[in-house]
file final_24.pdb (PDB, C-alpha atoms)
ATOM      1  CA  MET S   1      35.705  88.272  32.452  1.00  0.00           C
ATOM      2  CA  LYS S   2      39.460  88.532  32.495  1.00  0.00           C
ATOM      3  CA  LYS S   3      41.279  87.514  29.310  1.00  0.00           C
ATOM      4  CA  LEU S   4      44.046  85.018  30.023  1.00  0.00           C
ATOM      5  CA  LYS S   5      47.213  84.327  28.063  1.00  0.00           C
ATOM      6  CA  ILE S   6      47.831  80.965  26.464  1.00  0.00           C
ATOM      7  CA  SER S   7      50.536  80.129  29.003  1.00  0.00           C
ATOM      8  CA  GLU S   8      48.153  80.876  31.904  1.00  0.00           C
ATOM      9  CA  LEU S   9      45.430  78.744  30.324  1.00  0.00           C
ATOM     10  CA  ASN S  10      47.889  75.886  29.795  1.00  0.00           C
ATOM     11  CA  GLN S  11      49.018  76.136  33.424  1.00  0.00           C
ATOM     12  CA  MET S  12      45.411  76.045  34.661  1.00  0.00           C
ATOM     13  CA  TYR S  13      44.724  73.044  32.414  1.00  0.00           C
ATOM     14  CA  LEU S  14      47.725  71.128  33.774  1.00  0.00           C
ATOM     15  CA  GLU S  15      46.726  71.862  37.384  1.00  0.00           C
ATOM     16  CA  ASP S  16      43.163  70.712  36.732  1.00  0.00           C
ATOM     17  CA  GLU S  17      44.370  67.590  34.960  1.00  0.00           C
ATOM     18  CA  GLN S  18      46.613  66.737  37.926  1.00  0.00           C
ATOM     19  CA  THR S  19      43.678  67.119  40.320  1.00  0.00           C
ATOM     20  CA  ASP S  20      41.556  64.807  38.168  1.00  0.00           C
ATOM     21  CA  LYS S  21      44.353  62.216  38.049  1.00  0.00           C
ATOM     22  CA  GLU S  22      44.585  62.154  41.845  1.00  0.00           C
ATOM     23  CA  CYS S  23      40.805  61.843  42.202  1.00  0.00           C
ATOM     24  CA  PHE S  24      40.559  59.036  39.620  1.00  0.00           C
ATOM     25  CA  ALA S  25      43.528  57.212  41.181  1.00  0.00           C
ATOM     26  CA  GLU S  26      41.751  57.231  44.545  1.00  0.00           C
ATOM     27  CA  MET S  27      38.537  55.961  42.948  1.00  0.00           C
ATOM     28  CA  ARG S  28      40.443  53.231  41.109  1.00  0.00           C
ATOM     29  CA  SER S  29      42.173  52.075  44.305  1.00  0.00           C
ATOM     30  CA  ASN S  30      38.817  52.046  46.162  1.00  0.00           C
ATOM     31  CA  ILE S  31      37.252  49.859  43.490  1.00  0.00           C
ATOM     32  CA  LEU S  32      40.255  47.514  43.456  1.00  0.00           C
ATOM     33  CA  LEU S  33      40.125  47.230  47.246  1.00  0.00           C
ATOM     34  CA  VAL S  34      36.442  46.346  47.302  1.00  0.00           C
ATOM     35  CA  SER S  35      36.718  43.890  44.416  1.00  0.00           C
ATOM     36  CA  GLY S  36      39.730  42.168  45.999  1.00  0.00           C
ATOM     37  CA  GLN S  37      42.114  42.960  43.151  1.00  0.00           C
ATOM     38  CA  HIS S  38      44.389  45.353  45.026  1.00  0.00           C
ATOM     39  CA  TYR S  39      47.473  43.141  45.027  1.00  0.00           C
ATOM     40  CA  SER S  40      49.765  44.933  42.607  1.00  0.00           C
ATOM     41  CA  LYS S  41      53.029  43.057  43.203  1.00  0.00           C
ATOM     42  CA  LYS S  42      53.586  40.216  40.767  1.00  0.00           C
ATOM     43  CA  GLY S  43      55.501  38.098  43.292  1.00  0.00           C
ATOM     44  CA  LEU S  44      52.674  38.179  45.821  1.00  0.00           C
ATOM     45  CA  ASP S  45      50.140  37.236  43.178  1.00  0.00           C
ATOM     46  CA  LYS S  46      52.195  34.165  42.203  1.00  0.00           C
ATOM     47  CA  TYR S  47      52.598  33.262  45.864  1.00  0.00           C
ATOM     48  CA  PHE S  48      48.870  33.478  46.574  1.00  0.00           C
ATOM     49  CA  THR S  49      48.037  31.555  43.383  1.00  0.00           C
ATOM     50  CA  LYS S  50      50.443  28.815  44.418  1.00  0.00           C
ATOM     51  CA  LEU S  51      48.847  28.618  47.879  1.00  0.00           C
ATOM     52  CA  ARG S  52      45.333  28.536  46.452  1.00  0.00           C
ATOM     53  CA  ASP S  53      46.215  25.706  44.070  1.00  0.00           C
ATOM     54  CA  SER S  54      48.093  23.759  46.741  1.00  0.00           C
ATOM     55  CA  THR S  55      46.637  20.468  47.925  1.00  0.00           C
ATOM     56  CA  LYS S  56      48.457  20.727  51.267  1.00  0.00           C
ATOM     57  CA  ALA S  57      46.560  23.806  52.475  1.00  0.00           C
ATOM     58  CA  SER S  58      43.186  23.259  54.133  1.00  0.00           C
ATOM     59  CA  GLU S  59      39.996  24.694  52.688  1.00  0.00           C
ATOM     60  CA  SER S  60      39.672  27.306  55.449  1.00  0.00           C
ATOM     61  CA  GLN S  61      43.193  28.580  54.738  1.00  0.00           C
ATOM     62  CA  LYS S  62      42.418  28.796  51.033  1.00  0.00           C
ATOM     63  CA  LEU S  63      39.192  30.622  51.770  1.00  0.00           C
ATOM     64  CA  ARG S  64      41.054  33.103  53.950  1.00  0.00           C
ATOM     65  CA  LEU S  65      43.477  33.773  51.099  1.00  0.00           C
ATOM     66  CA  THR S  66      40.818  34.277  48.431  1.00  0.00           C
ATOM     67  CA  LYS S  67      38.177  36.183  50.386  1.00  0.00           C
ATOM     68  CA  ASN S  68      38.724  39.863  50.875  1.00  0.00           C
ATOM     69  CA  HIS S  69      37.365  41.361  54.072  1.00  0.00           C
ATOM     70  CA  MET S  70      36.944  44.764  52.401  1.00  0.00           C
ATOM     71  CA  GLN S  71      33.855  43.420  50.663  1.00  0.00           C
ATOM     72  CA  LYS S  72      32.284  42.545  54.012  1.00  0.00           C
ATOM     73  CA  ILE S  73      33.234  45.917  55.471  1.00  0.00           C
ATOM     74  CA  ALA S  74      31.822  47.781  52.461  1.00  0.00           C
ATOM     75  CA  HIS S  75      28.609  45.751  52.706  1.00  0.00           C
ATOM     76  CA  ALA S  76      28.322  46.576  56.409  1.00  0.00           C
ATOM     77  CA  TYR S  77      28.685  50.299  55.617  1.00  0.00           C
ATOM     78  CA  GLU S  78      26.045  50.047  52.886  1.00  0.00           C
ATOM     79  CA  GLU S  79      23.606  48.312  55.234  1.00  0.00           C
ATOM     80  CA  ALA S  80      24.229  50.908  57.952  1.00  0.00           C
ATOM     81  CA  ILE S  81      23.485  53.752  55.536  1.00  0.00           C
ATOM     82  CA  MET S  82      20.383  52.054  54.139  1.00  0.00           C
ATOM     83  CA  SER S  83      19.012  51.355  57.622  1.00  0.00           C
ATOM     84  CA  GLN S  84      19.322  55.035  58.551  1.00  0.00           C
ATOM     85  CA  SER S  85      17.681  56.417  55.409  1.00  0.00           C
ATOM     86  CA  PRO S  86      13.897  56.329  55.757  1.00  0.00           C
ATOM     87  CA  TRP S  87      11.588  57.281  52.929  1.00  0.00           C
ATOM     88  CA  VAL S  88       9.644  60.511  52.943  1.00  0.00           C
ATOM     89  CA  ARG S  89       5.935  61.025  53.389  1.00  0.00           C
ATOM     90  CA  VAL S  90       3.922  63.959  52.150  1.00  0.00           C
ATOM     91  CA  LEU S  91       1.782  65.574  54.832  1.00  0.00           C
ATOM     92  CA  PRO S  92      -0.615  68.517  54.639  1.00  0.00           C
ATOM     93  CA  GLN S  93       0.696  71.807  55.950  1.00  0.00           C
ATOM     94  CA  LEU S  94      -2.554  72.484  57.799  1.00  0.00           C
ATOM     95  CA  ASP S  95      -4.596  69.439  58.822  1.00  0.00           C
ATOM     96  CA  SER S  96      -7.697  71.555  59.156  1.00  0.00           C
ATOM     97  CA  GLU S  97      -7.604  72.697  55.497  1.00  0.00           C
ATOM     98  CA  MET S  98      -9.319  70.337  53.063  1.00  0.00           C
ATOM     99  CA  GLN S  99      -7.275  71.609  50.089  1.00  0.00           C
ATOM    100  CA  ASP S 100      -3.987  70.922  51.893  1.00  0.00           C
ATOM    101  CA  ARG S 101      -5.109  67.378  52.678  1.00  0.00           C
ATOM    102  CA  LYS S 102      -6.122  66.784  49.041  1.00  0.00           C
ATOM    103  CA  ASP S 103      -2.818  68.200  47.771  1.00  0.00           C
ATOM    104  CA  ALA S 104      -0.887  65.996  50.192  1.00  0.00           C
ATOM    105  CA  GLU S 105      -2.798  62.899  49.097  1.00  0.00           C
ATOM    106  CA  LEU S 106      -2.192  63.696  45.430  1.00  0.00           C
ATOM    107  CA  ASN S 107       1.511  64.330  45.948  1.00  0.00           C
ATOM    108  CA  GLN S 108       1.849  61.166  48.052  1.00  0.00           C
ATOM    109  CA  ALA S 109       0.208  59.186  45.241  1.00  0.00           C
ATOM    110  CA  VAL S 110       2.672  60.641  42.723  1.00  0.00           C
ATOM    111  CA  TRP S 111       5.575  59.771  45.070  1.00  0.00           C
ATOM    112  CA  GLU S 112       4.339  56.170  45.525  1.00  0.00           C
ATOM    113  CA  TYR S 113       3.897  55.778  41.760  1.00  0.00           C
ATOM    114  CA  THR S 114       7.419  57.112  41.139  1.00  0.00           C
ATOM    115  CA  LYS S 115       8.942  54.758  43.707  1.00  0.00           C
ATOM    116  CA  HIS S 116       7.205  51.781  42.113  1.00  0.00           C
ATOM    117  CA  LYS S 117       7.601  52.720  38.448  1.00  0.00           C
ATOM    118  CA  HIS S 118      11.303  53.607  38.597  1.00  0.00           C
ATOM    119  CA  LYS S 119      12.276  50.952  41.172  1.00  0.00           C
ATOM    120  CA  LEU S 120      13.682  53.676  43.383  1.00  0.00           C
ATOM    121  CA  ARG S 121      14.659  51.403  46.266  1.00  0.00           C
ATOM    122  CA  ALA S 122      17.032  49.446  43.986  1.00  0.00           C
ATOM    123  CA  LYS S 123      18.462  52.674  42.596  1.00  0.00           C
ATOM    124  CA  VAL S 124      19.066  54.086  46.066  1.00  0.00           C
ATOM    125  CA  ARG S 125      20.845  50.866  47.041  1.00  0.00           C
ATOM    126  CA  GLU S 126      23.002  51.161  43.912  1.00  0.00           C
ATOM    127  CA  TRP S 127      23.812  54.801  44.707  1.00  0.00           C
ATOM    128  CA  VAL S 128      24.788  53.873  48.267  1.00  0.00           C
ATOM    129  CA  LYS S 129      27.015  51.109  46.896  1.00  0.00           C
ATOM    130  CA  ASP S 130      28.702  53.598  44.539  1.00  0.00           C
ATOM    131  CA  TYR S 131      29.132  56.053  47.391  1.00  0.00           C
ATOM    132  CA  VAL S 132      30.823  53.478  49.614  1.00  0.00           C
ATOM    133  CA  GLU S 133      32.964  51.830  46.941  1.00  0.00           C
ATOM    134  CA  ILE S 134      33.944  54.707  44.656  1.00  0.00           C
ATOM    135  CA  GLY S 135      33.641  57.590  47.064  1.00  0.00           C
ATOM    136  CA  GLU S 136      31.165  59.720  45.165  1.00  0.00           C
ATOM    137  CA  VAL S 137      27.766  59.534  43.579  1.00  0.00           C
ATOM    138  CA  ALA S 138      25.530  61.931  41.719  1.00  0.00           C
ATOM    139  CA  ALA S 139      21.895  61.621  40.806  1.00  0.00           C
ATOM    140  CA  LYS S 140      19.489  64.072  39.276  1.00  0.00           C
ATOM    141  CA  ILE S 141      15.835  63.200  39.352  1.00  0.00           C
ATOM    142  CA  THR S 142      13.434  65.346  37.379  1.00  0.00           C
ATOM    143  CA  TRP S 143       9.795  65.139  36.446  1.00  0.00           C
ATOM    144  CA  ASP S 144       8.790  66.246  32.975  1.00  0.00           C
ATOM    145  CA  PRO S 145       4.999  66.521  32.696  1.00  0.00           C
ATOM    146  CA  ASN S 146       5.237  66.955  28.920  1.00  0.00           C
ATOM    147  CA  LYS S 147       6.788  63.512  28.360  1.00  0.00           C
ATOM    148  CA  GLY S 148       4.669  60.487  27.624  1.00  0.00           C
ATOM    149  CA  GLU S 149       1.598  59.844  25.587  1.00  0.00           C
ATOM    150  CA  PHE S 150      -1.245  62.372  25.831  1.00  0.00           C
ATOM    151  CA  LEU S 151      -4.414  60.487  26.668  1.00  0.00           C
ATOM    152  CA  GLY S 152      -6.752  63.448  26.230  1.00  0.00           C
ATOM    153  CA  TYR S 153      -9.368  64.754  28.527  1.00  0.00           C
ATOM    154  CA  ALA S 154     -12.244  62.399  29.216  1.00  0.00           C
ATOM    155  CA  GLN S 155     -15.566  63.689  30.411  1.00  0.00           C
ATOM    156  CA  LYS S 156     -16.197  62.640  34.001  1.00  0.00           C
ATOM    157  CA  VAL S 157     -19.961  63.179  34.070  1.00  0.00           C
ATOM    158  CA  ASN S 158     -22.709  62.341  31.672  1.00  0.00           C
ATOM    159  CA  GLU S 159     -24.919  64.886  29.932  1.00  0.00           C
ATOM    160  CA  LEU S 160     -27.499  64.932  32.726  1.00  0.00           C
TER     161      LEU S 160
END
call {"tool": "encode", "arguments": {"input": "final_24.pdb", "output": "structure tokens"}}
result
Amino acid sequence: MKKLKISELNQMYLEDEQTDKECFAEMRSNILLVSGQHYSKKGLDKYFTKLRDSTKASESQKLRLTKNHMQKIAHAYEEAIMSQSPWVRVLPQLDSEMQDRKDAELNQAVWEYTKHKHKLRAKVREWVKDYVEIGEVAAKITWDPNKGEFLGYAQKVNEL
């Protein structure tokens, strides 16, 4: 590994920091857009507040001013993604092999248990929402067979 000078390290740090700032600024603006808080000018905010509080404006006009269509658009994107993402099913590699069928059944049972136990459908919906609103999402799902309480090995057959 090449040894770098302090000035080179500082330059790399500043470049990386600038990249992070741009990425976080984009994420922040995406979240503000979806939440309807993207009006940054003080004058416009006072104007819209005045219109919302006005008794002369009709309810439909007030609704148009307060509702943000970005929320509806984001929801439409989320629904489109969720409708195109089917769940998986474990199938045996060879239907004629009994061991493959048993392995597939066992793995399918583990998958069904995991979906139910960890409420995976809700998590996937949340990840899709993060993907649409923020612009990125990361998830790491692992299975640790050593976690949990050890129940011991129970004898399946009697002494006979």
call {"tool": "resolve_selection", "arguments": {"input": "final_24.pdb", "expression": "the PyMOL selection byres ((chain S and resi 82) around 10)", "output": "ChimeraX atom specification"}}
result
/S:76-81,83-86,121,124-125,128-129
call {"tool": "resolve_selection", "arguments": {"input": "final_24.pdb", "expression": "the PyMOL selection byres ((chain S and resi 12-29) around 9)", "output": "PyMOL selection string"}}
result
chain S and resi 7-11+30-34+38+133-136
call {"tool": "atom_distance", "arguments": {"input": "final_24.pdb", "atom1": "CA of Asp144 in chain S", "atom2": "CA of His116 in chain S"}}
result
17.2 Å
call {"tool": "axis_aligned_box", "arguments": {"input": "final_24.pdb", "around": "range 84-97 of chain S", "padding_each_side": "5 Å", "output": "lines of an AutoDock Vina configuration file"}}
result
center_x = 5.8
center_y = 63.9
center_z = 55.7
size_x = 37.0
size_y = 27.7
size_z = 17.0
call {"tool": "atom_distance", "arguments": {"input": "final_24.pdb", "atom1": "CA of Val90 in chain S", "atom2": "CA of Asn107 in chain S"}}
result
6.7 Å
call {"tool": "atom_distance", "arguments": {"input": "final_24.pdb", "atom1": "CA of Arg89 in chain S", "atom2": "CA of Asn146 in chain S"}}
result
25.2 Å
call {"tool": "residues_near_point", "arguments": {"input": "final_24.pdb", "point": "(4.6, 63.2, 53.7)", "cutoff": "10 Å", "atoms": "all atoms listed in the file", "output": "PyMOL selection string"}}
result
chain S and resi 87-93+104-105+107-108+111
call {"tool": "write_last_selection", "arguments": {"input": "final_24.pdb", "atoms": "C-alpha atoms", "output": "short mmCIF file (atom, residue, chain, number, x, y, z; two decimals), in the coordinates of the input"}}
result
data_model
loop_
_atom_site.label_atom_id
_atom_site.label_comp_id
_atom_site.auth_asym_id
_atom_site.auth_seq_id
_atom_site.Cartn_x
_atom_site.Cartn_y
_atom_site.Cartn_z
CA TRP S 87 11.59 57.28 52.93
CA VAL S 88 9.64 60.51 52.94
CA ARG S 89 5.94 61.02 53.39
CA VAL S 90 3.92 63.96 52.15
CA LEU S 91 1.78 65.57 54.83
CA PRO S 92 -0.62 68.52 54.64
CA GLN S 93 0.70 71.81 55.95
CA ALA S 104 -0.89 66.00 50.19
CA GLU S 105 -2.80 62.90 49.10
CA ASN S 107 1.51 64.33 45.95
CA GLN S 108 1.85 61.17 48.05
CA TRP S 111 5.58 59.77 45.07
#
